[in-house]
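**Student:** Before I ask anything, let me first share the structure, which is written out below as structure tokens.
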Amino acid sequence: MNYVQFGGTGARVSEVAYGTDNLGNPFGADEATSRELLGRVLDAGINHIDTADVYAGGRAEEIIGSYLQDSGRRDEVFLTTKVTSSVGPGVNDYGSSKVHILNGIDSSLRKLRTDHVDLFLLHSFDPSTPVLEMVEALNDVVRSGKARYVGASNWASWRVMEALWMADTHGYARFDCLQSEFNIVRPGLANEAIPACKAQGVAVTAYSPLGAGFLTGKHRAVGPDSETKFGARDDERGGSLKRKYFDDRRFAVVDALKALSDESGEPMIRLALQWLFETPGLTSPIIGARRVDQLESTLEALSARAPDDVMTRVRDIADEFAESTWVNYPPPLSLQITARRS
Ligand SMILES: NC(=O)c1ccc[n+]([C@@H]2O[C@H](COP(=O)([O-])OP(=O)(O)OC[C@H]3O[C@@H](n4cnc5c(N)ncnc54)[C@H](OP(=O)(O)O)[C@@H]3O)[C@@H](O)[C@H]2O)c1
């Protein structure tokens with residue numbers, strides 16, 4: 001496993017994080033499989049585990065907490081959790097108010113059976129709370145020792161800049177991480193957020209690096225009603241994933257990657273993840289696997305790198321797609337990749 005610097009901090013994390021929204025989830029992994037997955041993840045040297053208060057209604061945090069306590073492996077882990085989404089019927093059980101942030105960290109620490117997390121993120125932007133209140137509350141969390149670093153997820157880059165400015169102005173803990181969706185067929189983060197974070201020393205972690213499974217190519221073969229996150233879950237997530245990914249242009253990218261994979265012998269997962277590793281300013285993708293065999297095939301893909309001539313063709317596929325998504329607008333993704341090549 002390779003390790004990278006976590007943004008402008010002194011912490012080092014594995015080049016991939018492991019995301020846990022499948023753990024304890026009826027459509028994901030039962031408790032025994034979840035524990036097996038966590039053990040294999042740590043054995044492989046992945047030291048960054050990403051979770052959230054809402055994953056599987058709180059079960060993911062509980063399973064991680066009991067696994068880390070039973071195994072005695074808490075100190076090996078850079079542990080991330082999140083707050084903001086709704087966790088109950090109360091009027092303050094939602095959002096990024098000081099009330100919910102301070103209640104949320106305590107609730108997560110109880111479930112995770114630890115006295116601190118390494119990274120505490122606001123899961124999404126809450127337009128009903130002043131940003132200064134959020135920054136103050138996160139500063140309280142850091143100063144009380146309950147989190148080492150803080151940040152946000154799914155925030156616009158200008159909101160991240162606003163929070164950094166407020167933290168700097170008041171001497172509060174700065175955001176050290178932005179977590180957002182980013183992959184070859186959802187590349188919008190490269191437009192502004194990644195360059196802004198890179199300039200500010202803010203780590204960027206990418207969720208859905210394989211497009212929630214789309215970039216493995218399996219949906220072409222088995223169709224949308226297969227046993228995948230897209231098909232098996234007839235809920236908001238399943239539906240919204242189909243809206244995000246199932247269109248002709250994105251399937252054309254998958255077809256092109258599949259053809260390149262067949263020709264070169266490089267697994268599609270390697271091509272998709274390596275493209276992320278080579279994106280300037282991207283700290284680490286957060287891989288998800290709900291079965292041990294999936295995790296093993298992703299680890300196998302990570303065990304080597306595709307040669308540069310193959311990656312040049314991956315970048316061409318990605319650039320062509322990115323350009324098609326910014327009509328009449330310069331595609332900064334291409335510009336960055338051109339800059340890196342020279
Ligand atoms: N901050 C946020 O708002 C947010 C949102 C989403 C996710 N996240 C975080 O990011 C993590 C990863 O996101 P993600 O699950 O979308 O990541 P992903 O790695 O793009 O997709 C994971 C899914 O792809 C399929 N898959 C994974 N490896 C595979 C393999 N080797 N072969 C075949 N299929 C494979 C599995 O789904 P199927 O078996 O169902 O096909 C798996 O659940 C989450 O666990 C969570 O921690 C954060």
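We label chains A, B, ... in the order they appear in the structure tokens, count residues from 1 in each chain, and number ligands from 1 in the order shown.
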Pick out each residue of stretch 104-244 of chain A that DSSP on the backbone tags as strand (DSSP E or B); I need them as an NGL selection string.
**Tutor:** :A and (117-122 or 147-153 or 175-181 or 183 or 186 or 203-207)
**Student:** Residues as selected, N, CA and C atoms, written as an mmCIF file, in the first residue's frame, can you do that?
**Tutor:**
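Below is the file that was written, out-v8.cif:
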data_model
loop_
_atom_site.group_PDB
_atom_site.id
_atom_site.type_symbol
_atom_site.label_atom_id
_atom_site.label_comp_id
_atom_site.auth_asym_id
_atom_site.auth_seq_id
_atom_site.Cartn_x
_atom_site.Cartn_y
_atom_site.Cartn_z
ATOM 1 N N VAL A 117 -12.390 11.025 16.884
ATOM 2 C CA VAL A 117 -12.214 10.607 15.484
ATOM 3 C C VAL A 117 -11.077 11.437 14.918
ATOM 4 N N ASP A 118 -10.514 10.951 13.828
ATOM 5 C CA ASP A 118 -9.414 11.702 13.218
ATOM 6 C C ASP A 118 -9.943 12.833 12.342
ATOM 7 N N LEU A 119 -11.076 12.585 11.712
ATOM 8 C CA LEU A 119 -11.651 13.599 10.828
ATOM 9 C C LEU A 119 -13.166 13.627 11.016
ATOM 10 N N PHE A 120 -13.702 14.834 11.215
ATOM 11 C CA PHE A 120 -15.144 14.999 11.421
ATOM 12 C C PHE A 120 -15.648 15.954 10.343
ATOM 13 N N LEU A 121 -16.592 15.469 9.520
ATOM 14 C CA LEU A 121 -17.050 16.246 8.360
ATOM 15 C C LEU A 121 -18.515 16.633 8.484
ATOM 16 N N LEU A 122 -18.840 17.816 7.975
ATOM 17 C CA LEU A 122 -20.244 18.183 7.775
ATOM 18 C C LEU A 122 -20.678 17.515 6.471
ATOM 19 N N ALA A 147 -12.086 15.527 17.841
ATOM 20 C CA ALA A 147 -11.667 15.290 16.447
ATOM 21 C C ALA A 147 -10.328 15.967 16.235
ATOM 22 N N ARG A 148 -9.488 15.328 15.421
ATOM 23 C CA ARG A 148 -8.184 15.933 15.116
ATOM 24 C C ARG A 148 -8.294 16.946 13.992
ATOM 25 N N TYR A 149 -9.086 16.598 12.982
ATOM 26 C CA TYR A 149 -9.258 17.476 11.830
ATOM 27 C C TYR A 149 -10.748 17.572 11.505
ATOM 28 N N VAL A 150 -11.119 18.653 10.818
ATOM 29 C CA VAL A 150 -12.524 18.833 10.432
ATOM 30 C C VAL A 150 -12.601 19.248 8.968
ATOM 31 N N GLY A 151 -13.794 19.194 8.429
ATOM 32 C CA GLY A 151 -13.982 19.587 7.040
ATOM 33 C C GLY A 151 -15.431 19.414 6.637
ATOM 34 N N ALA A 152 -15.646 19.313 5.325
ATOM 35 C CA ALA A 152 -17.009 19.262 4.808
ATOM 36 C C ALA A 152 -17.104 18.268 3.666
ATOM 37 N N SER A 153 -18.326 17.942 3.332
ATOM 38 C CA SER A 153 -18.596 17.030 2.229
ATOM 39 C C SER A 153 -19.715 17.625 1.377
ATOM 40 N N PHE A 175 -10.745 24.051 7.902
ATOM 41 C CA PHE A 175 -11.143 22.833 7.205
ATOM 42 C C PHE A 175 -9.885 22.189 6.616
ATOM 43 N N ASP A 176 -9.725 20.910 6.844
ATOM 44 C CA ASP A 176 -8.586 20.196 6.262
ATOM 45 C C ASP A 176 -9.001 19.219 5.174
ATOM 46 N N CYS A 177 -10.323 19.113 4.921
ATOM 47 C CA CYS A 177 -10.748 18.134 3.917
ATOM 48 C C CYS A 177 -12.076 18.523 3.284
ATOM 49 N N LEU A 178 -12.162 18.280 1.993
ATOM 50 C CA LEU A 178 -13.452 18.288 1.287
ATOM 51 C C LEU A 178 -13.651 16.890 0.717
ATOM 52 N N GLN A 179 -14.805 16.286 1.005
ATOM 53 C CA GLN A 179 -15.133 14.980 0.418
ATOM 54 C C GLN A 179 -16.297 15.173 -0.543
ATOM 55 N N SER A 180 -16.105 14.743 -1.779
ATOM 56 C CA SER A 180 -17.190 14.865 -2.756
ATOM 57 C C SER A 180 -17.104 13.752 -3.781
ATOM 58 N N GLU A 181 -18.166 13.662 -4.594
ATOM 59 C CA GLU A 181 -18.206 12.652 -5.647
ATOM 60 C C GLU A 181 -17.240 13.037 -6.770
ATOM 61 N N ASN A 183 -15.308 11.001 -10.290
ATOM 62 C CA ASN A 183 -14.799 9.873 -11.082
ATOM 63 C C ASN A 183 -14.821 10.281 -12.550
ATOM 64 N N ARG A 186 -18.140 11.504 -13.671
ATOM 65 C CA ARG A 186 -18.718 12.583 -12.851
ATOM 66 C C ARG A 186 -17.537 13.479 -12.437
ATOM 67 N N ALA A 203 -7.193 18.704 1.885
ATOM 68 C CA ALA A 203 -7.256 17.376 1.260
ATOM 69 C C ALA A 203 -8.594 17.207 0.535
ATOM 70 N N VAL A 204 -8.573 16.434 -0.548
ATOM 71 C CA VAL A 204 -9.821 16.115 -1.247
ATOM 72 C C VAL A 204 -9.946 14.602 -1.332
ATOM 73 N N THR A 205 -11.024 14.077 -0.773
ATOM 74 C CA THR A 205 -11.280 12.648 -0.900
ATOM 75 C C THR A 205 -12.486 12.464 -1.822
ATOM 76 N N ALA A 206 -12.403 11.430 -2.673
ATOM 77 C CA ALA A 206 -13.412 11.240 -3.714
ATOM 78 C C ALA A 206 -14.287 10.047 -3.390
ATOM 79 N N TYR A 207 -15.580 10.295 -3.227
ATOM 80 C CA TYR A 207 -16.475 9.127 -3.076
ATOM 81 C C TYR A 207 -17.001 8.698 -4.445
#
**Student:** Quick one: which chain A residues come within 8 Å of ligand 1, and what is the nearest atom pair for each with the distance in Å to one decimal, counting only C-alpha atoms and all ligand atoms, rows ordered by chain and ascending number, as JSON lines?
**Tutor:**
{"residue": "A:Tyr18", "atom": "CA", "partner": "ligand 1", "partner_atom_place_in_ligand_line": "11 (C)", "distance": 6.7}
{"residue": "A:Gly19", "atom": "CA", "partner": "ligand 1", "partner_atom_place_in_ligand_line": "47 (O)", "distance": 3.2}
{"residue": "A:Thr20", "atom": "CA", "partner": "ligand 1", "partner_atom_place_in_ligand_line": "45 (O)", "distance": 4.1}
{"residue": "A:Asp21", "atom": "CA", "partner": "ligand 1", "partner_atom_place_in_ligand_line": "45 (O)", "distance": 4.0}
{"residue": "A:Asn22", "atom": "CA", "partner": "ligand 1", "partner_atom_place_in_ligand_line": "45 (O)", "distance": 6.2}
{"residue": "A:Phe27", "atom": "CA", "partner": "ligand 1", "partner_atom_place_in_ligand_line": "40 (O)", "distance": 7.8}
{"residue": "A:Gly28", "atom": "CA", "partner": "ligand 1", "partner_atom_place_in_ligand_line": "43 (O)", "distance": 7.2}
{"residue": "A:Ile49", "atom": "CA", "partner": "ligand 1", "partner_atom_place_in_ligand_line": "47 (O)", "distance": 7.8}
{"residue": "A:Asp50", "atom": "CA", "partner": "ligand 1", "partner_atom_place_in_ligand_line": "47 (O)", "distance": 4.9}
{"residue": "A:Thr51", "atom": "CA", "partner": "ligand 1", "partner_atom_place_in_ligand_line": "47 (O)", "distance": 5.1}
{"residue": "A:Ala52", "atom": "CA", "partner": "ligand 1", "partner_atom_place_in_ligand_line": "47 (O)", "distance": 7.2}
{"residue": "A:His123", "atom": "CA", "partner": "ligand 1", "partner_atom_place_in_ligand_line": "1 (N)", "distance": 5.7}
{"residue": "A:Ser124", "atom": "CA", "partner": "ligand 1", "partner_atom_place_in_ligand_line": "3 (O)", "distance": 6.9}
{"residue": "A:Ser153", "atom": "CA", "partner": "ligand 1", "partner_atom_place_in_ligand_line": "1 (N)", "distance": 5.2}
{"residue": "A:Asn154", "atom": "CA", "partner": "ligand 1", "partner_atom_place_in_ligand_line": "3 (O)", "distance": 6.2}
{"residue": "A:Gln179", "atom": "CA", "partner": "ligand 1", "partner_atom_place_in_ligand_line": "1 (N)", "distance": 5.9}
{"residue": "A:Ser180", "atom": "CA", "partner": "ligand 1", "partner_atom_place_in_ligand_line": "1 (N)", "distance": 5.9}
{"residue": "A:Glu181", "atom": "CA", "partner": "ligand 1", "partner_atom_place_in_ligand_line": "5 (C)", "distance": 6.9}
{"residue": "A:Ala206", "atom": "CA", "partner": "ligand 1", "partner_atom_place_in_ligand_line": "10 (O)", "distance": 7.2}
{"residue": "A:Tyr207", "atom": "CA", "partner": "ligand 1", "partner_atom_place_in_ligand_line": "10 (O)", "distance": 4.0}
{"residue": "A:Ser208", "atom": "CA", "partner": "ligand 1", "partner_atom_place_in_ligand_line": "20 (O)", "distance": 3.2}
{"residue": "A:Pro209", "atom": "CA", "partner": "ligand 1", "partner_atom_place_in_ligand_line": "20 (O)", "distance": 4.2}
{"residue": "A:Leu210", "atom": "CA", "partner": "ligand 1", "partner_atom_place_in_ligand_line": "20 (O)", "distance": 3.3}
{"residue": "A:Gly211", "atom": "CA", "partner": "ligand 1", "partner_atom_place_in_ligand_line": "20 (O)", "distance": 4.1}
{"residue": "A:Ala212", "atom": "CA", "partner": "ligand 1", "partner_atom_place_in_ligand_line": "21 (O)", "distance": 3.1}
{"residue": "A:Gly213", "atom": "CA", "partner": "ligand 1", "partner_atom_place_in_ligand_line": "24 (O)", "distance": 3.2}
{"residue": "A:Phe214", "atom": "CA", "partner": "ligand 1", "partner_atom_place_in_ligand_line": "24 (O)", "distance": 7.0}
{"residue": "A:Leu215", "atom": "CA", "partner": "ligand 1", "partner_atom_place_in_ligand_line": "20 (O)", "distance": 7.6}
{"residue": "A:Thr216", "atom": "CA", "partner": "ligand 1", "partner_atom_place_in_ligand_line": "33 (C)", "distance": 5.7}
{"residue": "A:Lys218", "atom": "CA", "partner": "ligand 1", "partner_atom_place_in_ligand_line": "33 (C)", "distance": 7.1}
{"residue": "A:Glu227", "atom": "CA", "partner": "ligand 1", "partner_atom_place_in_ligand_line": "40 (O)", "distance": 6.3}
{"residue": "A:Thr228", "atom": "CA", "partner": "ligand 1", "partner_atom_place_in_ligand_line": "40 (O)", "distance": 3.2}
{"residue": "A:Lys229", "atom": "CA", "partner": "ligand 1", "partner_atom_place_in_ligand_line": "40 (O)", "distance": 3.6}
{"residue": "A:Phe230", "atom": "CA", "partner": "ligand 1", "partner_atom_place_in_ligand_line": "40 (O)", "distance": 6.7}
{"residue": "A:Gly231", "atom": "CA", "partner": "ligand 1", "partner_atom_place_in_ligand_line": "40 (O)", "distance": 8.0}
{"residue": "A:Ala232", "atom": "CA", "partner": "ligand 1", "partner_atom_place_in_ligand_line": "40 (O)", "distance": 7.5}
{"residue": "A:Ile269", "atom": "CA", "partner": "ligand 1", "partner_atom_place_in_ligand_line": "31 (N)", "distance": 7.1}
{"residue": "A:Ile286", "atom": "CA", "partner": "ligand 1", "partner_atom_place_in_ligand_line": "12 (C)", "distance": 5.0}
{"residue": "A:Ile287", "atom": "CA", "partner": "ligand 1", "partner_atom_place_in_ligand_line": "19 (O)", "distance": 3.8}
{"residue": "A:Gly288", "atom": "CA", "partner": "ligand 1", "partner_atom_place_in_ligand_line": "19 (O)", "distance": 3.9}
{"residue": "A:Ala289", "atom": "CA", "partner": "ligand 1", "partner_atom_place_in_ligand_line": "27 (C)", "distance": 4.3}
{"residue": "A:Arg290", "atom": "CA", "partner": "ligand 1", "partner_atom_place_in_ligand_line": "43 (O)", "distance": 5.0}
{"residue": "A:Arg291", "atom": "CA", "partner": "ligand 1", "partner_atom_place_in_ligand_line": "39 (O)", "distance": 7.2}
{"residue": "A:Asp293", "atom": "CA", "partner": "ligand 1", "partner_atom_place_in_ligand_line": "31 (N)", "distance": 7.1}
{"residue": "A:Gln294", "atom": "CA", "partner": "ligand 1", "partner_atom_place_in_ligand_line": "31 (N)", "distance": 3.7}
{"residue": "A:Leu295", "atom": "CA", "partner": "ligand 1", "partner_atom_place_in_ligand_line": "31 (N)", "distance": 5.6}
{"residue": "A:Glu296", "atom": "CA", "partner": "ligand 1", "partner_atom_place_in_ligand_line": "31 (N)", "distance": 6.9}
{"residue": "A:Ser297", "atom": "CA", "partner": "ligand 1", "partner_atom_place_in_ligand_line": "31 (N)", "distance": 4.7}
{"residue": "A:Thr298", "atom": "CA", "partner": "ligand 1", "partner_atom_place_in_ligand_line": "31 (N)", "distance": 4.6}
**Student:** Keeping only N, CA and C atoms, write the selected residues to a file as a short mmCIF file (atom, residue, chain, number, x, y, z; two decimals), in the first residue's frame.
**Tutor:**
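Dumped everything to out.cif:
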data_model
loop_
_atom_site.label_atom_id
_atom_site.label_comp_id
_atom_site.auth_asym_id
_atom_site.auth_seq_id
_atom_site.Cartn_x
_atom_site.Cartn_y
_atom_site.Cartn_z
N TYR A 18 -11.34 3.33 2.78
CA TYR A 18 -12.43 2.36 2.63
C TYR A 18 -13.71 2.98 3.17
N GLY A 19 -14.73 3.03 2.32
CA GLY A 19 -16.03 3.60 2.70
C GLY A 19 -16.98 2.52 3.18
N THR A 20 -17.80 2.86 4.14
CA THR A 20 -18.54 1.83 4.88
C THR A 20 -20.06 1.98 4.79
N ASP A 21 -20.57 2.60 3.73
CA ASP A 21 -22.04 2.76 3.71
C ASP A 21 -22.76 1.44 3.44
N ASN A 22 -21.99 0.40 3.10
CA ASN A 22 -22.60 -0.93 2.93
C ASN A 22 -22.72 -1.71 4.24
N PHE A 27 -29.03 -4.06 2.05
CA PHE A 27 -28.59 -4.32 0.67
C PHE A 27 -27.07 -4.42 0.58
N GLY A 28 -26.40 -4.39 1.75
CA GLY A 28 -24.94 -4.39 1.74
C GLY A 28 -24.40 -5.65 2.39
N ILE A 49 -10.57 4.83 7.27
CA ILE A 49 -11.93 4.28 7.21
C ILE A 49 -12.91 5.43 7.29
N ASP A 50 -13.81 5.47 6.30
CA ASP A 50 -14.78 6.56 6.20
C ASP A 50 -16.16 6.03 6.56
N THR A 51 -16.83 6.72 7.51
CA THR A 51 -18.19 6.34 7.83
C THR A 51 -19.03 7.60 8.05
N ALA A 52 -20.27 7.41 8.50
CA ALA A 52 -21.14 8.56 8.80
C ALA A 52 -22.21 8.09 9.77
N HIS A 123 -21.72 16.68 6.54
CA HIS A 123 -22.03 15.76 5.44
C HIS A 123 -22.53 16.47 4.18
N SER A 124 -23.21 17.60 4.38
CA SER A 124 -23.69 18.39 3.24
C SER A 124 -23.88 19.81 3.74
N SER A 153 -18.33 17.94 3.33
CA SER A 153 -18.60 17.03 2.23
C SER A 153 -19.71 17.63 1.38
N ASN A 154 -19.56 17.51 0.08
CA ASN A 154 -20.59 18.00 -0.85
C ASN A 154 -20.79 19.50 -0.77
N GLN A 179 -14.81 16.29 1.01
CA GLN A 179 -15.13 14.98 0.42
C GLN A 179 -16.30 15.17 -0.54
N SER A 180 -16.11 14.74 -1.78
CA SER A 180 -17.19 14.86 -2.76
C SER A 180 -17.10 13.75 -3.78
N GLU A 181 -18.17 13.66 -4.59
CA GLU A 181 -18.21 12.65 -5.65
C GLU A 181 -17.24 13.04 -6.77
N ALA A 206 -12.40 11.43 -2.67
CA ALA A 206 -13.41 11.24 -3.71
C ALA A 206 -14.29 10.05 -3.39
N TYR A 207 -15.58 10.30 -3.23
CA TYR A 207 -16.48 9.13 -3.08
C TYR A 207 -17.00 8.70 -4.45
N SER A 208 -17.48 7.47 -4.49
CA SER A 208 -17.90 6.83 -5.74
C SER A 208 -16.81 6.85 -6.80
N PRO A 209 -15.58 6.45 -6.46
CA PRO A 209 -14.50 6.45 -7.46
C PRO A 209 -14.78 5.48 -8.60
N LEU A 210 -15.58 4.44 -8.32
CA LEU A 210 -15.96 3.51 -9.38
C LEU A 210 -17.40 3.79 -9.84
N GLY A 211 -17.87 5.00 -9.57
CA GLY A 211 -19.24 5.33 -9.97
C GLY A 211 -20.24 4.41 -9.31
N ALA A 212 -20.00 4.10 -8.02
CA ALA A 212 -20.88 3.19 -7.27
C ALA A 212 -21.00 1.83 -7.96
N GLY A 213 -20.00 1.45 -8.73
CA GLY A 213 -19.99 0.16 -9.41
C GLY A 213 -20.11 0.30 -10.92
N PHE A 214 -20.59 1.45 -11.39
CA PHE A 214 -20.84 1.67 -12.82
C PHE A 214 -19.57 1.45 -13.64
N LEU A 215 -18.42 1.91 -13.11
CA LEU A 215 -17.16 1.84 -13.88
C LEU A 215 -16.51 0.46 -13.85
N THR A 216 -17.15 -0.50 -13.20
CA THR A 216 -16.68 -1.88 -13.34
C THR A 216 -17.22 -2.49 -14.64
N LYS A 218 -20.21 -3.57 -15.11
CA LYS A 218 -21.17 -4.66 -14.90
C LYS A 218 -22.59 -4.32 -15.34
N GLU A 227 -28.41 -7.32 -9.15
CA GLU A 227 -28.20 -7.17 -7.71
C GLU A 227 -27.07 -6.18 -7.46
N THR A 228 -27.32 -4.94 -7.75
CA THR A 228 -26.33 -3.90 -7.52
C THR A 228 -27.01 -2.75 -6.79
N LYS A 229 -26.18 -1.80 -6.36
CA LYS A 229 -26.71 -0.62 -5.71
C LYS A 229 -27.75 0.07 -6.59
N PHE A 230 -27.57 -0.03 -7.89
CA PHE A 230 -28.47 0.66 -8.82
C PHE A 230 -29.81 -0.06 -8.91
N GLY A 231 -29.76 -1.38 -8.95
CA GLY A 231 -30.97 -2.14 -9.23
C GLY A 231 -31.64 -2.72 -8.01
N ALA A 232 -30.86 -3.30 -7.11
CA ALA A 232 -31.47 -4.01 -5.99
C ALA A 232 -32.17 -3.04 -5.04
N ILE A 269 -10.95 -1.51 -13.18
CA ILE A 269 -10.88 -0.85 -11.86
C ILE A 269 -9.53 -0.14 -11.71
N ILE A 286 -12.24 7.01 -2.16
CA ILE A 286 -12.83 6.17 -1.10
C ILE A 286 -13.52 5.00 -1.78
N ILE A 287 -12.89 3.84 -1.71
CA ILE A 287 -13.48 2.67 -2.39
C ILE A 287 -14.56 2.06 -1.51
N GLY A 288 -15.56 1.51 -2.16
CA GLY A 288 -16.60 0.79 -1.42
C GLY A 288 -16.62 -0.64 -1.93
N ALA A 289 -16.84 -1.60 -1.04
CA ALA A 289 -17.03 -2.99 -1.48
C ALA A 289 -18.00 -3.59 -0.49
N ARG A 290 -19.00 -4.30 -1.00
CA ARG A 290 -19.95 -4.88 -0.04
C ARG A 290 -19.74 -6.37 0.14
N ARG A 291 -18.83 -6.92 -0.70
CA ARG A 291 -18.49 -8.33 -0.55
C ARG A 291 -16.98 -8.48 -0.53
N ASP A 293 -15.15 -10.70 -2.05
CA ASP A 293 -14.56 -10.94 -3.38
C ASP A 293 -14.41 -9.62 -4.16
N GLN A 294 -15.34 -8.67 -3.94
CA GLN A 294 -15.18 -7.36 -4.59
C GLN A 294 -13.94 -6.64 -4.05
N LEU A 295 -13.80 -6.69 -2.73
CA LEU A 295 -12.64 -6.04 -2.12
C LEU A 295 -11.35 -6.65 -2.66
N GLU A 296 -11.33 -7.98 -2.75
CA GLU A 296 -10.12 -8.66 -3.25
C GLU A 296 -9.81 -8.22 -4.68
N SER A 297 -10.84 -8.11 -5.53
CA SER A 297 -10.52 -7.74 -6.92
C SER A 297 -10.06 -6.29 -7.00
N THR A 298 -10.57 -5.42 -6.10
CA THR A 298 -10.09 -4.04 -6.10
C THR A 298 -8.65 -3.99 -5.58
#
**Student:** What is the atom CA of A:Gly265-atom CA of A:Pro187 distance in Å, reported with one decimal?
**Tutor:**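 Going from atom CA of A:Gly265 over to atom CA of A:Pro187 covers 25.0 Å.
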**Student:** In terms of the shortest atom-to-atom distance over only C-alpha atoms, which of A:Ile184, A:Leu260, A:Leu42, A:Leu241 is closest to A:Ser71?
**Tutor:**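 Nearest to A:Ser71: A:Leu42.
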**Student:** I need the residues of stretch 131-329 of chain A that end up classed as helix (DSSP H, G or I) by DSSP on the backbone, written out as a PyMOL selection string.
**Tutor:** chain A and resi 131-143+157-170+188-190+193-200+211-216+218-222+236-245+248-264+268-277+292-302+308-325
**Student:** Go ahead and save the residues from that selection, with C-alpha atoms, as a compact mmCIF listing (two decimals), in the first residue's frame.
**Tutor:**
# COMPACT_ATOMS: atom_id res chain seq x y z
CA VAL A 131 -21.37 29.29 8.32
CA LEU A 132 -19.69 31.02 11.26
CA GLU A 133 -21.82 28.95 13.68
CA MET A 134 -20.68 25.75 11.95
CA VAL A 135 -17.02 26.80 12.02
CA GLU A 136 -17.28 27.72 15.71
CA ALA A 137 -18.90 24.41 16.58
CA LEU A 138 -16.25 22.44 14.67
CA ASN A 139 -13.56 24.47 16.43
CA ASP A 140 -15.13 23.42 19.77
CA VAL A 141 -15.00 19.79 18.63
CA VAL A 142 -11.29 20.07 17.80
CA ARG A 143 -10.38 22.02 20.95
CA SER A 157 -15.78 25.37 -3.43
CA TRP A 158 -16.78 28.97 -2.64
CA ARG A 159 -18.43 27.76 0.58
CA VAL A 160 -15.21 25.98 1.56
CA MET A 161 -13.32 29.22 0.91
CA GLU A 162 -15.86 31.11 3.05
CA ALA A 163 -15.33 28.67 5.93
CA LEU A 164 -11.53 28.94 5.59
CA TRP A 165 -11.74 32.72 5.63
CA MET A 166 -13.89 32.67 8.78
CA ALA A 167 -11.58 30.21 10.51
CA ASP A 168 -8.53 32.32 9.65
CA THR A 169 -10.24 35.54 10.74
CA HIS A 170 -11.25 34.13 14.13
CA GLY A 188 -17.18 18.20 -12.16
CA LEU A 189 -15.09 18.48 -9.00
CA ALA A 190 -12.00 19.12 -11.12
CA ALA A 193 -13.16 22.55 -6.07
CA ILE A 194 -10.00 20.46 -6.49
CA PRO A 195 -7.82 23.39 -7.66
CA ALA A 196 -9.23 25.59 -4.85
CA CYS A 197 -8.52 22.94 -2.22
CA LYS A 198 -5.07 22.22 -3.62
CA ALA A 199 -4.19 25.92 -3.40
CA GLN A 200 -5.42 26.01 0.20
CA GLY A 211 -19.24 5.33 -9.97
CA ALA A 212 -20.88 3.19 -7.27
CA GLY A 213 -19.99 0.16 -9.41
CA PHE A 214 -20.84 1.67 -12.82
CA LEU A 215 -17.16 1.84 -13.88
CA THR A 216 -16.68 -1.88 -13.34
CA LYS A 218 -21.17 -4.66 -14.90
CA HIS A 219 -24.33 -2.70 -15.65
CA ARG A 220 -23.88 -3.12 -19.39
CA ALA A 221 -23.80 -6.89 -18.98
CA VAL A 222 -26.49 -7.48 -16.42
CA GLU A 236 -34.00 7.01 -3.47
CA ARG A 237 -30.33 5.97 -3.69
CA GLY A 238 -30.94 3.36 -6.35
CA GLY A 239 -33.11 5.78 -8.31
CA SER A 240 -30.75 8.71 -7.99
CA LEU A 241 -27.79 6.56 -9.05
CA LYS A 242 -29.61 5.62 -12.25
CA ARG A 243 -30.36 9.28 -12.94
CA LYS A 244 -26.69 10.16 -12.40
CA TYR A 245 -25.10 7.43 -14.49
CA ASP A 248 -25.62 7.10 -23.52
CA ARG A 249 -22.53 9.31 -23.10
CA ARG A 250 -21.52 7.64 -19.83
CA PHE A 251 -22.15 4.15 -21.18
CA ALA A 252 -19.93 5.10 -24.15
CA VAL A 253 -17.10 5.86 -21.68
CA VAL A 254 -17.61 2.49 -20.00
CA ASP A 255 -17.53 0.77 -23.41
CA ALA A 256 -14.31 2.58 -24.34
CA LEU A 257 -12.66 1.66 -21.02
CA LYS A 258 -13.81 -1.94 -21.39
CA ALA A 259 -12.31 -2.16 -24.90
CA LEU A 260 -9.04 -0.65 -23.63
CA SER A 261 -9.02 -3.05 -20.69
CA ASP A 262 -9.57 -6.07 -22.97
CA GLU A 263 -6.82 -4.92 -25.32
CA SER A 264 -4.24 -4.01 -22.67
CA MET A 268 -11.02 -1.53 -15.61
CA ILE A 269 -10.88 -0.85 -11.86
CA ARG A 270 -7.13 -0.14 -12.14
CA LEU A 271 -7.72 2.31 -15.00
CA ALA A 272 -10.49 4.14 -13.13
CA LEU A 273 -8.57 4.40 -9.86
CA GLN A 274 -5.23 5.25 -11.46
CA TRP A 275 -6.87 8.13 -13.34
CA LEU A 276 -7.90 9.46 -9.91
CA PHE A 277 -4.41 8.96 -8.45
CA VAL A 292 -15.07 -9.75 0.22
CA ASP A 293 -14.56 -10.94 -3.38
CA GLN A 294 -15.18 -7.36 -4.59
CA LEU A 295 -12.64 -6.04 -2.12
CA GLU A 296 -10.12 -8.66 -3.25
CA SER A 297 -10.52 -7.74 -6.92
CA THR A 298 -10.09 -4.04 -6.10
CA LEU A 299 -6.96 -4.81 -4.04
CA GLU A 300 -5.65 -6.88 -6.93
CA ALA A 301 -6.24 -3.90 -9.25
CA LEU A 302 -4.30 -1.71 -6.80
CA ASP A 308 1.73 5.36 -19.33
CA ASP A 309 0.70 4.62 -22.92
CA VAL A 310 -2.47 2.97 -21.59
CA MET A 311 -3.09 5.84 -19.18
CA THR A 312 -2.67 8.34 -22.02
CA ARG A 313 -5.61 6.66 -23.69
CA VAL A 314 -7.60 6.68 -20.44
CA ARG A 315 -6.95 10.41 -20.15
CA ASP A 316 -8.08 10.91 -23.75
CA ILE A 317 -11.34 9.07 -23.00
CA ALA A 318 -11.82 11.15 -19.83
CA ASP A 319 -10.94 14.43 -21.57
CA GLU A 320 -13.30 13.77 -24.45
CA PHE A 321 -16.12 13.12 -21.99
CA ALA A 322 -15.26 16.17 -19.86
CA GLU A 323 -15.18 18.42 -22.91
CA SER A 324 -18.60 17.17 -23.97
CA THR A 325 -20.02 18.18 -20.59
